[in-house]
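Dropping data32.tsv in here (TSV, C-alpha atoms and all ligand atoms):
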chain	number	residue	atom	x	y	z
A	1426	MET	CA	0.00	0.00	0.00
A	1427	SER	CA	1.33	3.48	-0.79
A	1428	GLY	CA	0.40	6.93	0.52
A	1429	PRO	CA	-1.55	7.74	3.69
A	1430	PRO	CA	-4.54	5.53	4.55
A	1431	VAL	CA	-7.90	6.81	3.32
A	1432	GLN	CA	-10.52	7.74	5.91
A	1433	SER	CA	-13.63	6.56	4.08
A	1434	PHE	CA	-16.09	3.72	4.43
A	1435	SER	CA	-17.85	1.62	1.84
A	1436	ASN	CA	-18.60	-2.08	1.70
A	1437	PRO	CA	-20.44	-3.85	-1.11
A	1438	VAL	CA	-21.15	-7.20	0.61
A	1439	ARG	CA	-24.82	-8.08	1.08
A	1440	VAL	CA	-25.02	-9.40	4.65
A	1441	VAL	CA	-27.75	-11.77	5.81
A	1442	PHE	CA	-27.62	-12.62	9.54
A	1443	GLY	CA	-29.71	-14.98	11.65
A	1444	ALA	CA	-31.26	-18.41	11.99
A	1445	THR	CA	-32.83	-18.26	8.52
A	1446	ALA	CA	-29.78	-16.87	6.70
A	1447	LEU	CA	-29.05	-20.08	4.82
A	1448	ALA	CA	-32.64	-20.44	3.64
A	1449	GLY	CA	-31.83	-17.62	1.21
A	1450	LEU	CA	-28.94	-19.52	-0.42
A	1451	PRO	CA	-30.86	-20.98	-3.42
A	1452	ARG	CA	-32.19	-17.51	-4.27
A	1453	ALA	CA	-28.74	-15.98	-3.83
A	1454	VAL	CA	-27.23	-18.55	-6.20
A	1455	GLY	CA	-30.07	-18.21	-8.71
A	1456	THR	CA	-29.50	-20.19	-11.90
A	1457	ARG	CA	-25.71	-20.04	-11.69
A	1458	THR	CA	-23.54	-23.13	-11.45
A	1459	CYS	CA	-21.18	-23.16	-8.50
A	1460	ILE	CA	-18.21	-24.84	-6.89
A	1461	LEU	CA	-18.67	-25.63	-3.23
A	1462	ILE	CA	-15.52	-25.17	-1.15
A	1463	THR	CA	-15.10	-26.38	2.40
A	1464	SER	CA	-12.74	-28.06	4.84
A	1465	THR	CA	-12.23	-31.78	5.33
A	1466	GLY	CA	-13.56	-31.42	8.89
A	1467	MET	CA	-16.78	-29.71	7.82
A	1468	ALA	CA	-17.38	-32.30	5.08
A	1469	GLY	CA	-16.72	-35.11	7.61
A	1470	ARG	CA	-19.23	-33.65	10.09
A	1471	GLY	CA	-21.94	-33.72	7.40
A	1472	GLY	CA	-22.04	-29.93	7.14
A	1473	LEU	CA	-22.43	-30.05	3.36
A	1474	GLY	CA	-25.67	-32.03	3.39
A	1475	PRO	CA	-28.15	-29.14	3.72
A	1476	ILE	CA	-26.31	-27.07	1.09
A	1477	GLU	CA	-26.13	-29.96	-1.38
A	1478	ALA	CA	-29.84	-30.58	-0.84
A	1479	ALA	CA	-30.66	-26.90	-1.38
A	1480	LEU	CA	-28.56	-26.41	-4.53
A	1481	GLY	CA	-28.80	-29.83	-6.19
A	1482	THR	CA	-27.46	-29.89	-9.75
A	1483	ARG	CA	-26.33	-26.26	-9.54
A	1484	ILE	CA	-23.21	-27.64	-7.78
A	1485	ALA	CA	-20.71	-28.42	-10.54
A	1486	ALA	CA	-18.01	-29.66	-8.14
A	1487	THR	CA	-17.21	-29.86	-4.44
A	1488	PHE	CA	-13.72	-29.25	-3.05
A	1489	THR	CA	-13.30	-30.42	0.54
A	1490	ASP	CA	-9.52	-30.36	0.99
A	1491	VAL	CA	-8.98	-26.87	2.43
A	1492	LEU	CA	-6.46	-27.06	5.27
A	1493	PRO	CA	-5.98	-24.45	8.03
A	1494	ASN	CA	-3.78	-21.48	7.06
A	1495	PRO	CA	-3.88	-21.70	3.24
A	1496	THR	CA	-0.56	-21.53	1.42
A	1497	ILE	CA	0.43	-20.70	-2.14
A	1498	ALA	CA	0.92	-24.45	-2.65
A	1499	SER	CA	-2.47	-25.44	-1.18
A	1500	CYS	CA	-4.33	-22.79	-3.23
A	1501	THR	CA	-2.50	-23.86	-6.40
A	1502	LYS	CA	-3.47	-27.46	-5.67
A	1503	ALA	CA	-7.14	-26.45	-5.28
A	1504	PHE	CA	-6.96	-24.51	-8.54
A	1505	GLU	CA	-5.48	-27.48	-10.41
A	1506	ALA	CA	-8.07	-29.88	-8.99
A	1507	LEU	CA	-10.88	-27.64	-10.29
A	1508	GLU	CA	-9.28	-26.39	-13.51
A	1509	GLY	CA	-11.67	-28.12	-15.95
A	1510	VAL	CA	-14.84	-27.30	-13.98
A	1511	GLU	CA	-17.11	-24.61	-15.46
A	1512	ALA	CA	-18.66	-22.46	-12.72
A	1513	GLU	CA	-19.75	-18.84	-12.32
A	1514	LEU	CA	-19.79	-18.82	-8.56
A	1515	LEU	CA	-17.81	-20.13	-5.57
A	1516	VAL	CA	-19.74	-20.99	-2.41
A	1517	ALA	CA	-17.33	-21.02	0.56
A	1518	LEU	CA	-18.56	-22.83	3.67
A	1519	GLY	CA	-16.08	-22.64	6.53
A	1520	GLY	CA	-13.79	-20.43	8.56
A	1521	GLY	CA	-11.32	-17.83	7.31
A	1522	SER	CA	-9.09	-20.45	5.71
A	1523	VAL	CA	-11.91	-21.65	3.47
A	1524	ILE	CA	-13.09	-18.15	2.52
A	1525	ASP	CA	-9.51	-16.99	1.88
A	1526	THR	CA	-8.86	-20.07	-0.28
A	1527	ALA	CA	-12.01	-19.25	-2.26
A	1528	LYS	CA	-10.71	-15.71	-2.89
A	1529	ALA	CA	-7.31	-16.99	-4.06
A	1530	LEU	CA	-9.04	-19.55	-6.25
A	1531	ALA	CA	-11.39	-16.91	-7.71
A	1532	ALA	CA	-8.41	-14.68	-8.56
A	1533	GLN	CA	-6.47	-17.51	-10.17
A	1534	ARG	CA	-9.51	-18.65	-12.18
A	1535	ALA	CA	-9.73	-15.17	-13.74
A	1536	GLN	CA	-6.28	-15.69	-15.35
A	1537	PRO	CA	-5.38	-17.41	-18.63
A	1538	PRO	CA	-5.52	-21.22	-18.24
A	1539	GLY	CA	-2.52	-22.94	-16.74
A	1540	SER	CA	-0.79	-19.77	-15.55
A	1541	GLY	CA	1.09	-19.67	-12.25
A	1542	TRP	CA	-0.28	-16.19	-11.69
A	1543	LEU	CA	-1.12	-16.54	-7.99
A	1544	ALA	CA	2.46	-17.41	-6.95
A	1545	GLY	CA	3.79	-14.67	-9.27
A	1546	HIS	CA	1.37	-12.11	-7.84
A	1547	LEU	CA	2.02	-12.94	-4.19
A	1548	ARG	CA	5.81	-13.33	-4.46
A	1549	ASP	CA	6.79	-10.93	-7.25
A	1550	GLY	CA	3.93	-8.44	-7.44
A	1551	LEU	CA	2.60	-9.65	-10.82
A	1552	PRO	CA	-0.31	-7.24	-11.44
A	1553	PHE	CA	-4.00	-8.08	-11.71
A	1554	PRO	CA	-5.14	-8.32	-15.34
A	1555	GLU	CA	-7.32	-5.57	-16.80
A	1556	PRO	CA	-10.20	-6.19	-16.67
A	1557	PHE	CA	-10.13	-8.46	-13.63
A	1558	VAL	CA	-13.41	-10.39	-13.48
A	1559	PRO	CA	-13.15	-13.30	-11.02
A	1560	PRO	CA	-16.11	-15.60	-10.32
A	1561	ALA	CA	-18.41	-14.29	-7.58
A	1562	ILE	CA	-18.16	-15.65	-4.04
A	1563	ILE	CA	-20.91	-16.39	-1.53
A	1564	ALA	CA	-19.36	-16.77	1.92
A	1565	ILE	CA	-20.98	-18.84	4.67
A	1566	PRO	CA	-18.74	-18.47	7.75
A	1567	THR	CA	-18.74	-21.26	10.31
A	1568	THR	CA	-16.49	-19.52	12.84
A	1569	ALA	CA	-16.81	-16.16	14.57
A	1570	GLY	CA	-13.49	-14.52	13.84
A	1571	THR	CA	-11.74	-13.51	10.66
A	1572	GLY	CA	-14.37	-11.29	9.08
A	1573	SER	CA	-13.13	-12.52	5.70
A	1574	GLU	CA	-16.76	-12.71	4.58
A	1575	VAL	CA	-16.86	-8.90	4.35
A	1576	THR	CA	-13.30	-7.99	3.25
A	1577	MET	CA	-11.66	-7.87	-0.17
A	1578	TRP	CA	-8.48	-9.64	0.86
A	1579	ALA	CA	-7.15	-13.07	1.72
A	1580	THR	CA	-4.16	-14.10	3.81
A	1581	ILE	CA	-2.06	-16.68	1.99
A	1582	TRP	CA	1.12	-18.02	3.60
A	1583	ASP	CA	4.24	-18.50	1.51
A	1584	ASP	CA	5.43	-22.05	2.13
A	1585	GLU	CA	8.83	-21.29	0.60
A	1586	SER	CA	9.82	-18.27	2.68
A	1587	ALA	CA	7.62	-18.79	5.79
A	1588	THR	CA	6.09	-15.34	5.39
A	1589	LYS	CA	2.56	-14.00	5.32
A	1590	ARG	CA	1.31	-12.67	2.01
A	1591	SER	CA	-1.93	-11.02	1.04
A	1592	ILE	CA	-4.07	-10.81	-2.07
A	1593	SER	CA	-6.44	-7.84	-2.19
A	1594	HIS	CA	-8.74	-6.42	-4.86
A	1595	PRO	CA	-12.20	-4.79	-4.79
A	1596	SER	CA	-13.46	-7.56	-7.10
A	1597	LEU	CA	-12.65	-10.12	-4.38
A	1598	TYR	CA	-15.31	-8.85	-1.95
A	1599	PRO	CA	-17.82	-11.69	-1.59
A	1600	GLU	CA	-21.10	-10.92	-3.31
A	1601	ALA	CA	-22.99	-12.04	-0.20
A	1602	ALA	CA	-22.26	-13.25	3.32
A	1603	LEU	CA	-24.80	-15.57	4.92
A	1604	LEU	CA	-24.27	-15.85	8.69
A	1605	ASP	CA	-26.15	-18.35	10.83
A	1606	PRO	CA	-24.80	-18.35	14.42
A	1607	MET	CA	-26.10	-21.93	14.83
A	1608	LEU	CA	-23.19	-23.06	12.61
A	1609	THR	CA	-20.74	-21.93	15.31
A	1610	HIS	CA	-22.26	-23.96	18.17
A	1611	SER	CA	-20.15	-27.04	17.43
A	1612	VAL	CA	-16.90	-25.08	17.06
A	1613	PRO	CA	-14.45	-26.44	19.68
A	1614	ARG	CA	-12.85	-24.25	22.35
A	1615	THR	CA	-9.47	-24.52	20.59
A	1616	THR	CA	-10.97	-22.62	17.62
A	1617	THR	CA	-13.53	-20.45	19.47
A	1618	VAL	CA	-10.82	-18.78	21.59
A	1619	PRO	CA	-8.36	-17.78	18.84
A	1620	THR	CA	-11.12	-16.67	16.45
A	1621	ALA	CA	-12.83	-14.51	19.10
A	1622	PHE	CA	-9.51	-12.86	19.94
A	1623	ASP	CA	-8.81	-12.35	16.24
A	1624	ALA	CA	-12.11	-10.46	16.02
A	1625	LEU	CA	-11.28	-8.43	19.16
A	1626	SER	CA	-7.91	-7.56	17.62
A	1627	HIS	CA	-9.61	-6.43	14.41
A	1628	ALA	CA	-11.90	-4.15	16.37
A	1629	MET	CA	-9.10	-2.54	18.42
A	1630	GLU	CA	-6.83	-2.26	15.38
A	1631	ALA	CA	-9.64	-0.37	13.60
A	1632	ILE	CA	-9.72	2.14	16.48
A	1633	TRP	CA	-5.96	2.88	16.76
A	1634	ASN	CA	-5.77	3.25	13.02
A	1635	ARG	CA	-4.88	6.23	10.84
A	1636	ALA	CA	-7.75	5.27	8.49
A	1637	ALA	CA	-10.36	5.20	11.31
A	1638	ASN	CA	-13.61	6.94	10.43
A	1639	PRO	CA	-16.94	7.44	12.26
A	1640	VAL	CA	-18.43	4.30	10.68
A	1641	SER	CA	-15.50	2.01	11.49
A	1642	ASP	CA	-15.34	3.48	15.03
A	1643	ALA	CA	-19.00	2.62	15.68
A	1644	LEU	CA	-18.68	-0.90	14.28
A	1645	ALA	CA	-15.48	-1.58	16.21
A	1646	MET	CA	-16.80	-0.20	19.50
A	1647	ARG	CA	-19.83	-2.48	19.37
A	1648	ALA	CA	-17.55	-5.50	18.76
A	1649	ILE	CA	-15.28	-4.44	21.64
A	1650	HIS	CA	-18.34	-4.17	23.88
A	1651	LEU	CA	-19.66	-7.63	22.93
A	1652	ILE	CA	-16.62	-9.94	22.86
A	1653	PRO	CA	-15.37	-9.67	26.48
A	1654	ARG	CA	-18.94	-10.28	27.69
A	1655	ALA	CA	-19.87	-13.12	25.31
A	1656	LEU	CA	-16.65	-15.16	25.19
A	1657	PRO	CA	-16.61	-16.32	28.85
A	1658	ARG	CA	-20.28	-17.32	28.52
A	1659	VAL	CA	-19.58	-19.37	25.38
A	1660	LEU	CA	-16.62	-21.07	27.09
A	1661	GLU	CA	-18.84	-22.01	30.01
A	1662	ALA	CA	-21.83	-23.08	27.89
A	1663	PRO	CA	-20.92	-23.69	24.22
A	1664	ASP	CA	-24.61	-23.93	23.26
A	1665	ASP	CA	-25.55	-20.53	24.73
A	1666	ALA	CA	-27.36	-19.23	21.64
A	1667	THR	CA	-27.40	-15.58	22.74
A	1668	ALA	CA	-23.66	-15.56	23.47
A	1669	ARG	CA	-22.77	-17.40	20.24
A	1670	GLU	CA	-24.87	-14.91	18.29
A	1671	ALA	CA	-23.13	-12.01	20.06
A	1672	LEU	CA	-19.70	-13.43	19.14
A	1673	MET	CA	-20.66	-13.96	15.53
A	1674	SER	CA	-22.13	-10.48	15.16
A	1675	ALA	CA	-19.04	-9.00	16.85
A	1676	ALA	CA	-16.76	-10.80	14.38
A	1677	LEU	CA	-18.87	-9.49	11.51
A	1678	LEU	CA	-18.84	-5.90	12.82
A	1679	ALA	CA	-15.09	-6.04	13.43
A	1680	GLY	CA	-14.62	-7.42	9.90
A	1681	LEU	CA	-16.66	-4.54	8.48
A	1682	ALA	CA	-14.58	-2.06	10.51
A	1683	ILE	CA	-11.25	-3.35	9.14
A	1684	SER	CA	-12.69	-3.65	5.64
A	1685	SER	CA	-12.17	0.13	5.52
A	1686	THR	CA	-9.23	0.66	7.91
A	1687	ARG	CA	-7.28	-2.60	7.48
A	1688	THR	CA	-5.41	-3.96	10.47
A	1689	ALA	CA	-2.44	-2.32	12.18
A	1690	LEU	CA	0.46	-3.03	14.54
A	1691	ALA	CA	-0.90	-5.99	16.54
A	1692	HIS	CA	-1.36	-7.91	13.29
A	1693	SER	CA	2.00	-6.75	11.98
A	1694	ILE	CA	3.75	-8.06	15.11
A	1695	SER	CA	1.82	-11.35	14.94
A	1696	TYR	CA	2.94	-12.56	11.52
A	1697	PRO	CA	6.43	-13.89	12.41
A	1698	LEU	CA	4.96	-15.57	15.52
A	1699	THR	CA	2.55	-17.52	13.32
A	1700	ALA	CA	4.92	-18.10	10.38
A	1701	GLU	CA	7.92	-19.20	12.46
A	1702	ARG	CA	6.38	-20.66	15.63
A	1703	GLY	CA	2.95	-21.82	14.40
A	1704	LEU	CA	1.12	-19.70	17.00
A	1705	PRO	CA	-2.60	-19.54	16.03
A	1706	HIS	CA	-3.36	-16.21	14.36
A	1707	GLY	CA	-5.89	-14.97	16.92
A	1708	ILE	CA	-3.57	-15.69	19.85
A	1709	ALA	CA	-0.63	-14.07	18.08
A	1710	CYS	CA	-2.45	-10.86	17.20
A	1711	SER	CA	-4.25	-10.40	20.52
A	1712	LEU	CA	-1.17	-10.98	22.69
A	1713	THR	CA	-0.03	-7.35	22.40
A	1714	LEU	CA	-3.45	-5.67	22.76
A	1715	PRO	CA	-3.14	-4.67	26.47
A	1716	GLU	CA	0.35	-3.20	26.00
A	1717	LEU	CA	-0.67	-1.43	22.78
A	1718	LEU	CA	-3.69	0.04	24.56
A	1719	ARG	CA	-1.39	1.47	27.29
A	1720	SER	CA	0.92	2.94	24.64
A	1721	VAL	CA	-1.91	4.48	22.64
A	1722	ASP	CA	-3.39	5.92	25.83
A	1723	ARG	CA	-0.14	7.78	26.62
A	1724	GLU	CA	0.01	9.57	23.25
A	1725	ARG	CA	-3.45	9.35	21.70
A	1726	PRO	CA	-5.99	9.28	24.55
A	1727	ASP	CA	-8.63	10.45	22.05
A	1728	ARG	CA	-8.33	6.96	20.48
A	1729	SER	CA	-7.88	4.81	23.61
A	1730	ARG	CA	-10.92	6.53	25.14
A	1731	LEU	CA	-13.17	4.80	22.57
A	1732	ILE	CA	-11.92	1.37	23.65
A	1733	VAL	CA	-12.26	2.19	27.36
A	1734	GLU	CA	-15.80	3.44	26.74
A	1735	ALA	CA	-16.76	0.36	24.68
A	1736	MET	CA	-15.45	-2.01	27.35
A	1737	GLY	CA	-17.15	-0.03	30.11
A	1738	SER	CA	-13.85	0.24	32.02
A	1739	GLY	CA	-12.81	3.08	34.30
A	1740	SER	CA	-9.51	3.80	32.54
A	1741	ALA	CA	-7.14	2.45	29.88
A	1742	GLU	CA	-5.11	0.75	32.61
A	1743	ALA	CA	-8.26	-0.95	33.95
A	1744	ALA	CA	-9.24	-2.01	30.41
A	1745	ALA	CA	-5.74	-3.43	29.79
A	1746	GLN	CA	-5.94	-5.42	33.03
A	1747	GLU	CA	-9.41	-6.70	32.12
A	1748	LEU	CA	-8.05	-7.91	28.77
A	1749	THR	CA	-5.22	-9.77	30.52
A	1750	GLU	CA	-7.81	-11.31	32.83
A	1751	LEU	CA	-9.91	-12.37	29.81
A	1752	PHE	CA	-6.82	-14.03	28.29
A	1753	ALA	CA	-6.34	-15.96	31.56
A	1754	ILE	CA	-9.98	-17.11	31.61
A	1755	ALA	CA	-9.64	-18.31	28.00
A	1756	GLY	CA	-6.27	-19.99	28.63
A	1757	THR	CA	-4.31	-18.15	25.95
A	1758	GLY	CA	-1.11	-18.21	28.04
A	1759	GLU	CA	-1.00	-21.99	27.81
A	1760	MET	CA	-1.52	-21.87	24.03
A	1761	LEU	CA	1.19	-19.22	23.76
A	1762	ARG	CA	3.80	-21.15	25.77
A	1763	ARG	CA	3.13	-24.34	23.77
A	1764	HIS	CA	4.51	-22.52	20.71
A	1765	VAL	CA	6.80	-19.97	22.33
A	1766	PRO	CA	8.05	-21.54	25.59
A	1767	SER	CA	10.23	-18.65	26.79
A	1768	THR	CA	11.43	-15.12	26.08
A	1769	ALA	CA	14.62	-16.76	24.77
A	1770	THR	CA	12.51	-18.47	22.06
A	1771	LEU	CA	10.89	-15.13	21.35
A	1772	ARG	CA	14.31	-13.59	20.71
A	1773	GLU	CA	15.13	-16.32	18.16
A	1774	ILE	CA	12.39	-15.06	15.83
A	1775	GLN	CA	13.95	-13.82	12.61
A	1776	GLY	CA	11.07	-12.01	10.88
A	1777	GLY	CA	10.48	-8.29	11.36
A	1778	TYR	CA	7.52	-6.92	13.30
A	1779	ILE	CA	6.97	-3.89	11.07
A	1780	ALA	CA	5.02	-5.30	8.11
A	1781	PRO	CA	4.47	-2.88	5.22
A	1782	GLY	CA	0.79	-2.07	4.68
A	1783	ARG	CA	-0.06	-2.89	8.31
A	1784	ALA	CA	2.30	-1.25	10.83
A	1785	GLU	CA	2.03	2.21	9.28
A	1786	ASN	CA	-1.75	2.16	9.83
A	1787	PHE	CA	-1.03	2.36	13.58
A	1788	VAL	CA	-1.58	5.85	15.02
A	1789	LEU	CA	1.90	6.02	16.59
A	1790	ASP	CA	5.22	6.07	14.73
A	1791	VAL	CA	7.14	3.03	15.92
A	1792	ASP	CA	10.06	0.86	14.82
A	1793	GLN	CA	11.27	-2.73	15.08
A	1794	ALA	CA	13.06	-2.24	18.43
A	1795	TRP	CA	9.99	-0.60	19.98
A	1796	ALA	CA	7.74	-3.43	18.74
A	1797	ALA	CA	10.15	-6.16	19.93
A	1798	GLU	CA	10.34	-4.61	23.38
A	1799	LEU	CA	6.56	-4.25	23.60
A	1800	LEU	CA	6.13	-7.87	22.52
A	1801	GLU	CA	8.47	-9.08	25.23
A	1802	ARG	CA	6.54	-7.09	27.85
A	1803	ALA	CA	3.27	-8.55	26.52
A	1804	TYR	CA	4.70	-12.07	26.61
A	1805	SER	CA	5.87	-11.72	30.21
A	1806	ALA	CA	2.49	-10.33	31.33
A	1807	THR	CA	0.50	-13.25	29.86
A	1808	ARG	CA	-0.39	-15.74	32.59
B	1	FE	FE	-6.82	-11.19	11.93
Would it be possible to restate this file's structure as structure tokens?
Ligand SMILES: [Fe+2]
Amino acid sequence: MSGPPVQSFSNPVRVVFGATALAGLPRAVGTRTCILITSTGMAGRGGLGPIEAALGTRIAATFTDVLPNPTIASCTKAFEALEGVEAELLVALGGGSVIDTAKALAAQRAQPPGSGWLAGHLRDGLPFPEPFVPPAIIAIPTTAGTGSEVTMWATIWDDESATKRSISHPSLYPEAALLDPMLTHSVPRTTTVPTAFDALSHAMEAIWNRAANPVSDALAMRAIHLIPRALPRVLEAPDDATAREALMSAALLAGLAISSTRTALAHSISYPLTAERGLPHGIACSLTLPELLRSVDRERPDRSRLIVEAMGSGSAEAAAQELTELFAIAGTGEMLRRHVPSTATLREIQGGYIAPGRAENFVLDVDQAWAAELLERAYSATR
């Protein structure tokens, strides 16, 4: 990204939310033929059944081999498996990995046959073709986290260089997002926790962001209000419909907020932790939130105030402590230490924490040393 971030808001995704969201799928698909994309786990749990029944012969092919954290290699494999299939639409049923794979697949399918465009684009900046007309995407999220259903980008990991890469284009916004909170009830704790903290990170990153605007502020504040209240309830009672719905709506709102601001420093710092140590994305990007909140409060209290207000805390320090307490309730410290056992391991990380296109969105001017020191403080404070 070049130049200063733009403070504007627009989002073209048609959002349908609630218990009847999926009933609208046949009408949303219309007469188009589609490829259904999902994960092996979702296919194994019988999650495809209702969609196959609803769409019948409009499904030209089903791809069920999406693995967590899509890579250039896994997306290329999906593309090759579906190369001869004619379809105007991709229906993505799953978490962020599935929706991101669908976006990468849509982009690659808009290229001349047989080209290795995706790898060239992600590694060497090969441009999008003009015109760029990928197949449309209908996203049906099954986790409450990434917000990928309402953004125009996908995170694709580079298996050769162990780095995070991103594909982004306005034509990659899904055409529609159908969200039924019921789909998240069976999500295990090991996914619920990182995805909820990913959403919380999105919301806070939208607030301490140079591209923040009144719309993204309102969306993010509502998500910041909901997540700390709903997550402990979901962890205690995974079938609590009201709390699951709150988490899913918070993830959606946070996704809408970053669809205009993009993420910022917490995400930037997280990438080497995930690429080099395998730390789940949501744990990696939420780890620094309390320390970042303290830092923002010292120099930009006009921004930290929105987070304090949304959480209903007395001060930024109280809000930071409440976040650390929420991490302890959710057990993120244990997840963290499984991947990064000590500060010595932390210091072995090679990748930089100042990712272009992310770190400069942060409202403070910071550098690698500042970020590394903050990360170490955040690590030590996590119980
Ligand atoms: Fe994220």
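Between CA of Leu1681 (chain A) and CA of Val1612 (chain A) there is a distance of 22.3 Å.
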Listing only residues of chain A within 8 Å of ligand FE 1 (chain B), what is the closest atom pair and its distance in Å (to one decimal) for each, using all atoms listed in the file, sorted by chain and residue number ascending, as a tab-separated table?
residue	atom	partner	partner_atom	distance
A:Gly1570	CA	B:FE1	FE	7.7
A:Thr1571	CA	B:FE1	FE	5.6
A:Asp1623	CA	B:FE1	FE	4.9
A:Ala1624	CA	B:FE1	FE	6.7
A:Ser1626	CA	B:FE1	FE	6.8
A:His1627	CA	B:FE1	FE	6.0
A:Thr1688	CA	B:FE1	FE	7.5
A:His1692	CA	B:FE1	FE	6.5
A:His1706	CA	B:FE1	FE	6.6
A:Gly1707	CA	B:FE1	FE	6.3
A:Cys1710	CA	B:FE1	FE	6.9
Atom pair CA of Pro1639 (chain A) / CA of Ile1694 (chain A): separation (Å):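 Computed distance, CA of Pro1639 (chain A) to CA of Ile1694 (chain A), equals 26.0 Å.
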Selection near His1546 (chain A), 12 Å with all atoms listed in the file, sequence-local residues under 4 positions removed, as a PyMOL selection string: chain A and resi 1497+1529+1532-1533+1536+1540-1542+1550-1554+1581+1583+1590-1594
Residue contacts of region 1510-1523 of chain A (7 Å, all atoms listed in the file) excluding same-chain residues fewer than 3 positions away, as number ranges by chain: A: 1457-1464, 1485, 1491, 1493-1495, 1507, 1526-1527, 1560-1568, 1571, 1573
For C-alpha atoms, I'd like the residues from the last selection saved as a PDB file, in the coordinates of the input.
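The result, stored in part_9.pdb:
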ATOM      1  CA  ARG A1457     -25.710 -20.040 -11.690  1.00  0.00           C
ATOM      2  CA  THR A1458     -23.540 -23.130 -11.450  1.00  0.00           C
ATOM      3  CA  CYS A1459     -21.180 -23.160  -8.500  1.00  0.00           C
ATOM      4  CA  ILE A1460     -18.210 -24.840  -6.890  1.00  0.00           C
ATOM      5  CA  LEU A1461     -18.670 -25.630  -3.230  1.00  0.00           C
ATOM      6  CA  ILE A1462     -15.520 -25.170  -1.150  1.00  0.00           C
ATOM      7  CA  THR A1463     -15.100 -26.380   2.400  1.00  0.00           C
ATOM      8  CA  SER A1464     -12.740 -28.060   4.840  1.00  0.00           C
ATOM      9  CA  ALA A1485     -20.710 -28.420 -10.540  1.00  0.00           C
ATOM     10  CA  VAL A1491      -8.980 -26.870   2.430  1.00  0.00           C
ATOM     11  CA  PRO A1493      -5.980 -24.450   8.030  1.00  0.00           C
ATOM     12  CA  ASN A1494      -3.780 -21.480   7.060  1.00  0.00           C
ATOM     13  CA  PRO A1495      -3.880 -21.700   3.240  1.00  0.00           C
ATOM     14  CA  LEU A1507     -10.880 -27.640 -10.290  1.00  0.00           C
ATOM     15  CA  THR A1526      -8.860 -20.070  -0.280  1.00  0.00           C
ATOM     16  CA  ALA A1527     -12.010 -19.250  -2.260  1.00  0.00           C
ATOM     17  CA  PRO A1560     -16.110 -15.600 -10.320  1.00  0.00           C
ATOM     18  CA  ALA A1561     -18.410 -14.290  -7.580  1.00  0.00           C
ATOM     19  CA  ILE A1562     -18.160 -15.650  -4.040  1.00  0.00           C
ATOM     20  CA  ILE A1563     -20.910 -16.390  -1.530  1.00  0.00           C
ATOM     21  CA  ALA A1564     -19.360 -16.770   1.920  1.00  0.00           C
ATOM     22  CA  ILE A1565     -20.980 -18.840   4.670  1.00  0.00           C
ATOM     23  CA  PRO A1566     -18.740 -18.470   7.750  1.00  0.00           C
ATOM     24  CA  THR A1567     -18.740 -21.260  10.310  1.00  0.00           C
ATOM     25  CA  THR A1568     -16.490 -19.520  12.840  1.00  0.00           C
ATOM     26  CA  THR A1571     -11.740 -13.510  10.660  1.00  0.00           C
ATOM     27  CA  SER A1573     -13.130 -12.520   5.700  1.00  0.00           C
TER      28      SER A1573
END
Interatomic distance (Å, one decimal) between CA of Asn1634 (chain A) and CA of Gln1432 (chain A):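 So the answer is 9.7 Å.
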